[in-house]
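Step one of this worksheet: look at the structure below.
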Amino acid sequence: MWKQPYFVTGFSILAFFLVGSFVYEWILGDVPRQIFYLMENGRAVEGPPISPNWQYPLGTDQYGYDLLGKLMLGAKYTILAALAVAALRMLIAVPLGYILGTYLDKHRKWISSLADSMHYIPLTLFAAYVLRPVLWMPPDGFTSTIWERIGLQVVIMALLTVPIVAILVANEAALLRDKEYILAAKTLGAGRLRIIRKHLYPQMREKIAVLYGQQVMQTFIVFAHLGLLSLFLGGTKVSYEPMLADPPMSISYEWAGLFGSTFRYLQGAPWLPLAPVLFIGLAIFAVSLMMEGYLRSINPKVKVRKKEAAKDPVVEWNREQLRKQMIRVKGNELRNEN
Amino acid sequence: MKLILKFFIAIAGIILASSLPVLISGWLKGEWKWGVYFESIRTTLEELWPINEIAFFNYRAQQPMPLFPNIYEYIIYSLEILFIALLVAVFVSLLLTVITMLLSEKARERVKMALYFLESVPDLLIIMLAQLTVVLFFKQTGILISKIAAVGDDRIYWLPVLCLAILPTIQLYRLAMLTFQEEERQMYVDLARALGFSKVYIVLVHMFRNAIISVFFQSKKTMWFMLSNLFVLELMFNLPGIMLFLRDNMYPSAFLVTVFSFFLPMFVLYSFGEWYFVRRLRGKGAV
């Protein structure tokens with residue numbers, strides 16, 4: 001796995017963001033650089049939001065805070081939350097799927113059509129609808145701490161698509177269960193639990209890993225969408241002042257919040273909403289690189305197939321041999337039919 | 001009969017989901033509010049009953065307005081955009097697939113790889129880039145290709161449809177490529193080739209018929225993904241569609257109405273497709 005260039009590249013991107021985020025906070029503190037105007041030849045030439053330049057590669061926001069700094073500070077929240085959501089989802093859904101696929105196989109049909117109804121509810125909409133009471137600040141302030149809210153959000157987002165993932169795993173397990181070697185194991189007296197542990201799980205490890213990657217990517221997207229609706233990771237600070245109310249604000253510097261609170265500036269200061277979304281895209285890209293690298297390390301079939309094709313010698317048959325072979329094949333077929 | 005049962009189970013699932021926020025706000029206080037949850041489901045259903053009398057506060061008109069028939073406009077507009085985009089995505093992706101299948105193995109692998117990574121582009125990025133491009137183009141040449149936001153009762157079509165169709169096209173393209181390549185290993189393709197049919201004919205006539213079934217059954221995920229995209233799209237373009245309506249009215253009954261407006265046409269589409277393809281599969285087998 002670690003020799004696959006794809007995997008290593010993807011891993012380094014994610015690791016760079018995560019390590020960079022903690023190191024940045026450790027060295028430079030948790031407030032990004034702030035600048036009120038840009039000087040050139042002793043004159044102020046630009047006020048915030050300052051467009052990208054050499055000193056501030058991604059420019060600054062409307063209050064003069066360095067955008068790159070904000071993004072680096074926020075990286076840990078977004079990435080860790082997405083990884084946690086997907087991990088929790090798999091932890092719940094995979095055992096559930098196995099149970100559905102083995103113990104409750106009789107009920108699989110109707111449970112699967114119940115879970116199927118989830119496919120008609122747009123995921124973002126569902127997440128926004130369900131998370132709103134948790135994340136939107138009530139007029140008299142939050143009663144919960146930020147970590148409670150982040151925890152609750154992770155749990156809820158993980159639970160949202162558990163039915164779909166569980167059914168996916170269950171169907172896959174049910175397909176495998178009809179294979180001969182599992183029948184053989186059953187005849188030899190293996191219990192369901194043993195079959196799950198020793199046969200179904202190792203067979204599906206690869207698929208589960210890929211599924212995990214897909215869930216991480218999906219979670220990133222949902223975070224971004226929630227940001228658009230001003231529902232930020234860890235809660236949205238809402239100003240209820242009747243006059244001069246501040247726009248809803250994110251409490252941490254997580255990426256969805258950086259995007260959600262600035263997408264109105266798209267035409268005036270395009271770097272403000274574009275940079276966070278680009279970073280989210282980069283994170284998703286890193287995950288898909290890792291998935292591809294992982295798959296290639298497990299079954300490097302692209303190369304093997306070519307080698308086999310090259311090795312496979314052309315067999316020259318003479319007539320006599322051919323007839324023998326044909327008779328043998330025919331005999332096999334007859335035997336199979338009986 | 002089975003279909004009707006499936007229909008009701010799906011409806012039950014959606015109704016159970018519609019009152020979830022009540023349950024979750026209970027979690028915040030560390031308790032399970034099952035009683036309130038079922039109470040909320042009951043009142044929601046009761047509210048829905050005389051379906052013509054539901055009224056919501058209309059954000060744009062600044063007064064409560066009856067839901068029907070005003071909501072039809074929103075629903076129809078959203079569905080129009082969704083289904084035009086779907087048609088475009090299906091058509092373009094199948095066309096590209098057929099073309100790619102005629103290329104060499106090496107080129108195909110490259111295309112598949114590129115598609116795989118293109119899938120990781122966030123939909124928001126596409127929408128924002130599209131809007132920026134239109135404005136930039138307008139500034140440079142003075143020609144407005146399309147409006148980038150709807151004001152009042154405006155209807156804009158082609159730019160939103162384009163933005164909505166790009167990612168599903170990529171997804172379906174990759175999906176179709178995988179299915180077609182799977183299909184290519186079947187015996188009947190070898191047979192057809194041995195009989196001297198041209199590659200174009202085999203791909204278009206024989207493989208297409210069989211692969212399309214598999215693509216159809218796997219397209220549900222793409223459809224689901226498109227629904228989320230549509231939601232974001234309506235927000236970014238300020239389109240007067242059903243999703244924007246829901247954002248202003250986050251109540252269980254509005255949620256139900258919104259979800260049902262997608263559920264009905266999609267359920268019909270998928271049930272019909274399933275029925276048709278299954279019948280064809282049983283009737284003839286691989287063609």
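Please note that chains go A, B, ... in the order of the structure tokens, that every chain numbers its residues from 1, and that ligands are numbered from 1 in the order shown.
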Determine which residues of segment 145-274 of chain B DSSP labels as helix (DSSP H, G or I) from the backbone of this structure, then write them out as a ChimeraX atom specification.
-> /B:158-184,187-194,199-218,220-237,242-248,252-274
Taking only C-alpha atoms into account, find every residue of chain B that has an atom no more than 7 Å from chain A, and write it out as a short mmCIF file (atom, residue, chain, number, x, y, z; two decimals) with all heavy atoms, in the first residue's frame.
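The file below, part.cif, is the result:
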```cif
data_model
loop_
_atom_site.label_atom_id
_atom_site.label_comp_id
_atom_site.auth_asym_id
_atom_site.auth_seq_id
_atom_site.Cartn_x
_atom_site.Cartn_y
_atom_site.Cartn_z
N LYS B 6 -44.52 -1.85 -1.70
CA LYS B 6 -43.25 -1.11 -1.69
C LYS B 6 -43.52 0.38 -1.58
O LYS B 6 -42.85 1.10 -0.85
CB LYS B 6 -42.52 -1.41 -3.00
CG LYS B 6 -41.07 -1.77 -2.79
CD LYS B 6 -40.47 -2.15 -4.11
CE LYS B 6 -39.02 -1.78 -4.15
NZ LYS B 6 -38.44 -2.04 -5.46
N ILE B 9 -44.52 1.22 1.96
CA ILE B 9 -43.39 1.14 2.87
C ILE B 9 -42.51 2.38 2.71
O ILE B 9 -42.07 2.99 3.69
CB ILE B 9 -42.57 -0.14 2.62
CG1 ILE B 9 -43.37 -1.35 3.08
CG2 ILE B 9 -41.26 -0.09 3.36
CD1 ILE B 9 -42.68 -2.65 2.83
N ALA B 10 -42.28 2.78 1.46
CA ALA B 10 -41.46 3.96 1.21
C ALA B 10 -42.10 5.20 1.82
O ALA B 10 -41.43 6.03 2.45
CB ALA B 10 -41.25 4.15 -0.29
N GLY B 13 -41.57 5.25 5.45
CA GLY B 13 -40.21 5.66 5.76
C GLY B 13 -40.07 7.17 5.76
O GLY B 13 -39.47 7.76 6.66
N ILE B 14 -40.64 7.81 4.75
CA ILE B 14 -40.52 9.26 4.64
C ILE B 14 -41.26 9.94 5.79
O ILE B 14 -40.76 10.91 6.37
CB ILE B 14 -41.06 9.73 3.27
CG1 ILE B 14 -40.16 9.19 2.16
CG2 ILE B 14 -41.12 11.24 3.21
CD1 ILE B 14 -40.71 9.42 0.78
N LEU B 20 -38.20 13.59 12.62
CA LEU B 20 -36.95 13.33 13.33
C LEU B 20 -36.39 14.52 14.12
O LEU B 20 -35.85 14.32 15.19
CB LEU B 20 -35.89 12.82 12.35
CG LEU B 20 -35.81 11.32 12.16
CD1 LEU B 20 -34.67 10.97 11.23
CD2 LEU B 20 -35.59 10.63 13.49
N PRO B 21 -36.50 15.77 13.61
CA PRO B 21 -35.92 16.87 14.38
C PRO B 21 -36.44 16.94 15.80
O PRO B 21 -35.70 17.30 16.71
CB PRO B 21 -36.34 18.11 13.59
CG PRO B 21 -36.50 17.64 12.22
CD PRO B 21 -37.00 16.23 12.31
N SER B 25 -33.92 17.09 18.93
CA SER B 25 -33.83 18.19 19.89
C SER B 25 -33.99 17.64 21.31
O SER B 25 -33.55 18.27 22.26
CB SER B 25 -34.86 19.28 19.58
OG SER B 25 -36.15 18.72 19.59
N PHE B 117 -11.15 10.71 -11.22
CA PHE B 117 -10.68 11.85 -10.45
C PHE B 117 -11.56 13.08 -10.66
O PHE B 117 -11.71 13.90 -9.77
CB PHE B 117 -9.23 12.15 -10.77
CG PHE B 117 -8.32 11.10 -10.23
CD1 PHE B 117 -7.44 10.42 -11.06
CD2 PHE B 117 -8.37 10.74 -8.89
CE1 PHE B 117 -6.63 9.42 -10.55
CE2 PHE B 117 -7.56 9.75 -8.38
CZ PHE B 117 -6.70 9.09 -9.21
N SER B 120 -14.35 13.85 -8.18
CA SER B 120 -14.13 14.46 -6.87
C SER B 120 -14.27 15.98 -6.90
O SER B 120 -14.06 16.63 -5.89
CB SER B 120 -12.78 14.05 -6.31
OG SER B 120 -11.77 14.49 -7.16
N VAL B 121 -14.62 16.55 -8.04
CA VAL B 121 -14.87 17.99 -8.08
C VAL B 121 -16.18 18.29 -7.36
O VAL B 121 -17.19 17.68 -7.68
CB VAL B 121 -14.96 18.48 -9.54
CG1 VAL B 121 -15.29 19.95 -9.58
CG2 VAL B 121 -13.68 18.21 -10.27
N PRO B 122 -16.17 19.18 -6.38
CA PRO B 122 -17.43 19.49 -5.68
C PRO B 122 -18.39 20.24 -6.60
O PRO B 122 -17.96 21.04 -7.44
CB PRO B 122 -16.99 20.38 -4.52
CG PRO B 122 -15.52 20.35 -4.49
CD PRO B 122 -15.05 19.94 -5.82
N LEU B 125 -18.20 24.04 -6.63
CA LEU B 125 -17.13 24.64 -7.42
C LEU B 125 -17.61 24.85 -8.86
O LEU B 125 -17.38 25.90 -9.46
CB LEU B 125 -15.92 23.72 -7.40
CG LEU B 125 -14.63 24.32 -7.93
CD1 LEU B 125 -14.20 25.46 -7.05
CD2 LEU B 125 -13.55 23.28 -8.00
N LEU B 132 -19.02 32.72 -12.43
CA LEU B 132 -17.91 33.64 -12.66
C LEU B 132 -17.60 33.77 -14.15
O LEU B 132 -17.35 34.86 -14.65
CB LEU B 132 -16.66 33.14 -11.93
CG LEU B 132 -16.60 33.47 -10.45
CD1 LEU B 132 -15.36 32.87 -9.84
CD2 LEU B 132 -16.61 34.98 -10.24
N TRP B 224 -30.04 10.24 -6.57
CA TRP B 224 -30.04 10.70 -5.19
C TRP B 224 -29.09 11.88 -5.05
O TRP B 224 -29.40 12.91 -4.43
CB TRP B 224 -29.61 9.55 -4.30
CG TRP B 224 -29.72 9.77 -2.84
CD1 TRP B 224 -30.68 10.51 -2.22
CD2 TRP B 224 -28.87 9.28 -1.83
NE1 TRP B 224 -30.47 10.48 -0.87
CE2 TRP B 224 -29.36 9.74 -0.60
CE3 TRP B 224 -27.73 8.48 -1.82
CZ2 TRP B 224 -28.76 9.43 0.61
CZ3 TRP B 224 -27.14 8.17 -0.62
CH2 TRP B 224 -27.66 8.64 0.58
N LEU B 227 -30.40 15.06 -6.52
CA LEU B 227 -31.38 15.78 -5.70
C LEU B 227 -30.68 16.76 -4.76
O LEU B 227 -31.10 17.91 -4.62
CB LEU B 227 -32.21 14.79 -4.88
CG LEU B 227 -33.29 14.05 -5.63
CD1 LEU B 227 -34.04 13.13 -4.69
CD2 LEU B 227 -34.26 15.02 -6.25
N SER B 228 -29.59 16.29 -4.14
CA SER B 228 -28.83 17.19 -3.28
C SER B 228 -28.27 18.36 -4.08
O SER B 228 -28.27 19.50 -3.64
CB SER B 228 -27.67 16.44 -2.62
OG SER B 228 -28.11 15.82 -1.46
N VAL B 232 -28.74 22.66 -3.79
CA VAL B 232 -27.68 23.67 -3.77
C VAL B 232 -27.82 24.63 -4.94
O VAL B 232 -27.65 25.84 -4.82
CB VAL B 232 -26.32 22.96 -3.82
CG1 VAL B 232 -25.21 23.94 -4.03
CG2 VAL B 232 -26.11 22.18 -2.57
N MET B 250 -39.20 25.33 7.19
CA MET B 250 -38.70 24.04 7.65
C MET B 250 -39.66 23.42 8.66
O MET B 250 -39.34 23.31 9.84
CB MET B 250 -37.30 24.21 8.25
CG MET B 250 -36.24 24.39 7.20
SD MET B 250 -35.09 23.00 7.18
CE MET B 250 -33.93 23.51 5.95
N VAL B 259 -40.72 16.39 -0.22
CA VAL B 259 -40.17 15.07 -0.54
C VAL B 259 -41.13 14.30 -1.44
O VAL B 259 -40.72 13.65 -2.40
CB VAL B 259 -39.85 14.30 0.74
CG1 VAL B 259 -39.46 12.88 0.42
CG2 VAL B 259 -38.73 14.98 1.49
N PHE B 262 -40.93 14.95 -5.15
CA PHE B 262 -39.89 14.23 -5.90
C PHE B 262 -40.15 12.75 -5.91
O PHE B 262 -39.89 12.06 -6.88
CB PHE B 262 -38.52 14.46 -5.27
CG PHE B 262 -38.02 15.81 -5.50
CD1 PHE B 262 -38.00 16.73 -4.49
CD2 PHE B 262 -37.61 16.17 -6.76
CE1 PHE B 262 -37.56 17.99 -4.73
CE2 PHE B 262 -37.16 17.43 -7.00
CZ PHE B 262 -37.14 18.35 -5.98
N PHE B 263 -40.66 12.29 -4.78
CA PHE B 263 -40.84 10.86 -4.61
C PHE B 263 -41.78 10.29 -5.67
O PHE B 263 -41.47 9.28 -6.30
CB PHE B 263 -41.38 10.60 -3.20
CG PHE B 263 -41.87 9.22 -2.99
CD1 PHE B 263 -40.98 8.17 -2.96
CD2 PHE B 263 -43.21 8.97 -2.81
CE1 PHE B 263 -41.42 6.89 -2.76
CE2 PHE B 263 -43.66 7.69 -2.62
CZ PHE B 263 -42.76 6.65 -2.60
#
```
Surrounding residues of Leu168 of chain A excluding itself and chain neighbours under 3 positions, 12 Å, only C-alpha atoms, as a PyMOL selection string | (chain A and resi 90+93-98+100-101+108+111-113+115-116+161-165+171-175+204+207-208+211) or (chain B and resi 221)
Output the selection as a CSV table (one decimal), in the first residue's frame - N, CA, C and O atoms for each residue.
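Contents of out_30.csv, freshly written:
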```csv
chain,number,residue,atom,x,y,z
A,90,MET,N,-19.6,3.6,9.4
A,90,MET,CA,-19.3,2.2,9.0
A,90,MET,C,-19.3,1.3,10.2
A,90,MET,O,-19.8,0.1,10.1
A,93,ALA,N,-23.0,0.6,10.6
A,93,ALA,CA,-23.7,0.0,9.5
A,93,ALA,C,-23.2,-1.4,9.1
A,93,ALA,O,-23.9,-2.3,8.7
A,94,VAL,N,-21.9,-1.6,9.2
A,94,VAL,CA,-21.3,-2.9,8.8
A,94,VAL,C,-21.8,-4.1,9.6
A,94,VAL,O,-22.4,-5.1,9.1
A,95,PRO,N,-21.7,-4.0,11.0
A,95,PRO,CA,-22.3,-5.1,11.8
A,95,PRO,C,-23.8,-5.3,11.5
A,95,PRO,O,-24.3,-6.4,11.4
A,96,LEU,N,-24.5,-4.1,11.4
A,96,LEU,CA,-25.9,-4.2,11.2
A,96,LEU,C,-26.2,-4.9,9.9
A,96,LEU,O,-27.1,-5.7,9.8
A,97,GLY,N,-25.4,-4.6,8.9
A,97,GLY,CA,-25.6,-5.2,7.6
A,97,GLY,C,-25.4,-6.7,7.6
A,97,GLY,O,-26.2,-7.4,7.0
A,98,TYR,N,-24.3,-7.1,8.4
A,98,TYR,CA,-24.1,-8.5,8.5
A,98,TYR,C,-25.3,-9.2,9.2
A,98,TYR,O,-25.7,-10.3,8.8
A,100,LEU,N,-28.3,-8.2,9.3
A,100,LEU,CA,-29.4,-8.3,8.3
A,100,LEU,C,-29.2,-9.3,7.3
A,100,LEU,O,-30.2,-10.0,6.9
A,101,GLY,N,-28.0,-9.5,6.8
A,101,GLY,CA,-27.8,-10.4,5.7
A,101,GLY,C,-27.7,-11.9,6.2
A,101,GLY,O,-27.9,-12.8,5.4
A,108,ARG,N,-35.1,-9.1,5.1
A,108,ARG,CA,-34.3,-8.2,4.4
A,108,ARG,C,-35.1,-7.4,3.3
A,108,ARG,O,-34.9,-6.2,3.1
A,111,ILE,N,-37.2,-4.5,4.9
A,111,ILE,CA,-36.3,-3.5,5.5
A,111,ILE,C,-35.6,-2.7,4.4
A,111,ILE,O,-35.4,-1.5,4.4
A,112,SER,N,-35.2,-3.5,3.3
A,112,SER,CA,-34.5,-2.8,2.3
A,112,SER,C,-35.4,-1.8,1.5
A,112,SER,O,-34.9,-0.8,1.1
A,113,SER,N,-36.7,-2.1,1.4
A,113,SER,CA,-37.5,-1.1,0.7
A,113,SER,C,-37.8,0.1,1.6
A,113,SER,O,-38.0,1.2,1.1
A,115,ALA,N,-35.5,1.3,3.7
A,115,ALA,CA,-34.3,2.1,3.6
A,115,ALA,C,-34.2,2.7,2.2
A,115,ALA,O,-33.6,3.8,2.0
A,116,ASP,N,-34.8,2.1,1.2
A,116,ASP,CA,-34.8,2.6,-0.1
A,116,ASP,C,-35.5,3.9,-0.2
A,116,ASP,O,-35.2,4.8,-1.0
A,161,THR,N,-27.3,8.1,7.0
A,161,THR,CA,-27.3,7.1,5.9
A,161,THR,C,-26.9,5.7,6.3
A,161,THR,O,-26.6,4.9,5.5
A,162,VAL,N,-27.0,5.5,7.6
A,162,VAL,CA,-26.7,4.1,8.1
A,162,VAL,C,-27.6,3.1,7.4
A,162,VAL,O,-27.2,2.0,6.9
A,163,PRO,N,-29.0,3.4,7.3
A,163,PRO,CA,-29.8,2.4,6.6
A,163,PRO,C,-29.3,2.0,5.2
A,163,PRO,O,-29.2,0.8,4.9
A,164,ILE,N,-28.9,3.0,4.4
A,164,ILE,CA,-28.5,2.7,3.1
A,164,ILE,C,-27.3,1.9,3.0
A,164,ILE,O,-27.2,0.9,2.3
A,165,VAL,N,-26.3,2.3,3.9
A,165,VAL,CA,-25.0,1.5,3.9
A,165,VAL,C,-25.2,0.1,4.4
A,165,VAL,O,-24.7,-0.9,3.9
A,171,ASN,N,-26.9,-6.9,1.4
A,171,ASN,CA,-27.1,-7.5,0.1
A,171,ASN,C,-25.9,-8.2,-0.4
A,171,ASN,O,-25.9,-9.3,-1.0
A,172,GLU,N,-24.8,-7.5,-0.2
A,172,GLU,CA,-23.5,-8.1,-0.6
A,172,GLU,C,-23.2,-9.4,0.2
A,172,GLU,O,-22.8,-10.4,-0.4
A,173,ALA,N,-23.5,-9.3,1.5
A,173,ALA,CA,-23.3,-10.5,2.3
A,173,ALA,C,-24.2,-11.7,1.9
A,173,ALA,O,-23.8,-12.8,1.8
A,174,ALA,N,-25.4,-11.3,1.5
A,174,ALA,CA,-26.4,-12.3,1.1
A,174,ALA,C,-25.9,-13.0,-0.2
A,174,ALA,O,-26.1,-14.2,-0.4
A,175,LEU,N,-25.3,-12.2,-1.1
A,175,LEU,CA,-24.8,-12.7,-2.3
A,175,LEU,C,-23.7,-13.7,-2.0
A,175,LEU,O,-23.6,-14.8,-2.6
A,204,MET,N,-15.0,-9.3,2.2
A,204,MET,CA,-15.6,-8.0,1.9
A,204,MET,C,-14.7,-6.8,2.4
A,204,MET,O,-15.1,-5.7,2.2
A,207,LYS,N,-14.1,-4.1,-0.2
A,207,LYS,CA,-15.3,-3.4,-0.5
A,207,LYS,C,-15.6,-2.4,0.6
A,207,LYS,O,-16.0,-1.3,0.4
A,208,ILE,N,-15.4,-2.9,1.9
A,208,ILE,CA,-15.7,-2.0,3.0
A,208,ILE,C,-14.8,-0.8,3.0
A,208,ILE,O,-15.2,0.3,3.3
A,211,LEU,N,-15.9,1.6,0.5
A,211,LEU,CA,-17.2,2.2,0.9
A,211,LEU,C,-16.9,3.3,1.9
A,211,LEU,O,-17.5,4.4,1.9
B,221,LYS,N,-28.3,5.8,-7.3
B,221,LYS,CA,-27.4,6.6,-6.5
B,221,LYS,C,-27.1,8.0,-7.2
B,221,LYS,O,-27.1,9.0,-6.5
```
Can you tell me, as a PyMOL selection string, what residues are no more than 12 Å from Lys198 of chain A when counting only C-alpha atoms, ignoring any on the same chain fewer than 5 positions away?
-> chain A and resi 181-182+185-186+190-193+203-205
Could you tell me which of B:Leu129, B:Ile81, B:Met266, B:Ile148 comes closest to Lys220 of chain B if we count only C-alpha atoms?
->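 The closest residue to Lys220 of chain B is B:Met266.
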Pick out the closest residue to Leu73 of chain A from this set: A:Ser252, A:Ser51, A:Gln4, A:Thr145. Count only C-alpha atoms.
-> A:Ser252
With only C-alpha atoms as the basis for distance, which of A:Trp54, A:Tyr6, A:Tyr240, A:Trp255 is at the shortest distance from Ala81 of chain A?
->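 Comparing A:Trp54, A:Tyr6, A:Tyr240, A:Trp255 against Ala81 of chain A, the winner is A:Trp255.
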Could you give me, as a list in words, the residues within 12 Å of Phe217 of chain B, counting only C-alpha atoms and dropping anything in the same chain fewer than 4 positions from it?
->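 Returned residues: Leu172, Leu175, Ala176, Thr179, Asn210, Ala211, Ile212, Ile213, Lys221, Thr222, Met223, Leu269, Tyr270, Ser271, Phe272, Gly273, Glu274, Trp275, Tyr276, Phe277 and Val278 of chain B.
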Would you mind exporting C-alpha atoms of the selected residues as a short mmCIF file (atom, residue, chain, number, x, y, z; two decimals), in the first residue's frame?
```cif
data_model
loop_
_atom_site.label_atom_id
_atom_site.label_comp_id
_atom_site.auth_asym_id
_atom_site.auth_seq_id
_atom_site.Cartn_x
_atom_site.Cartn_y
_atom_site.Cartn_z
CA LEU B 172 -22.97 7.87 -15.40
CA LEU B 175 -20.61 3.67 -14.55
CA ALA B 176 -21.54 2.93 -18.16
CA THR B 179 -20.73 -1.97 -17.36
CA ASN B 210 -27.76 -5.49 -22.26
CA ALA B 211 -25.57 -2.92 -20.58
CA ILE B 212 -28.30 -0.31 -20.37
CA ILE B 213 -30.24 -2.49 -17.93
CA LYS B 221 -27.36 6.62 -6.52
CA THR B 222 -26.75 9.24 -9.18
CA MET B 223 -30.33 10.36 -8.96
CA LEU B 269 -40.01 6.29 -13.26
CA TYR B 270 -38.05 3.63 -11.41
CA SER B 271 -40.95 1.23 -10.97
CA PHE B 272 -41.79 1.46 -14.62
CA GLY B 273 -38.18 0.98 -15.65
CA GLU B 274 -37.78 -1.96 -13.32
CA TRP B 275 -40.96 -3.58 -14.59
CA TYR B 276 -39.97 -3.04 -18.20
CA PHE B 277 -36.42 -4.27 -17.90
CA VAL B 278 -37.28 -7.26 -15.74
#
```
Residues at most 8 Å from Ile150 of chain A, counting only C-alpha atoms, excluding those fewer than 3 positions away in the same chain, as a PyMOL selection string?
-> chain A and resi 146-147+153-154+233-235
Go through segment 47-274 of chain A and collect every residue that DSSP, computed from the backbone, puts in strand (DSSP E or B); the answer should be as a PyMOL selection string.
-> chain A and resi 60+65-66+136+236-237+249-250
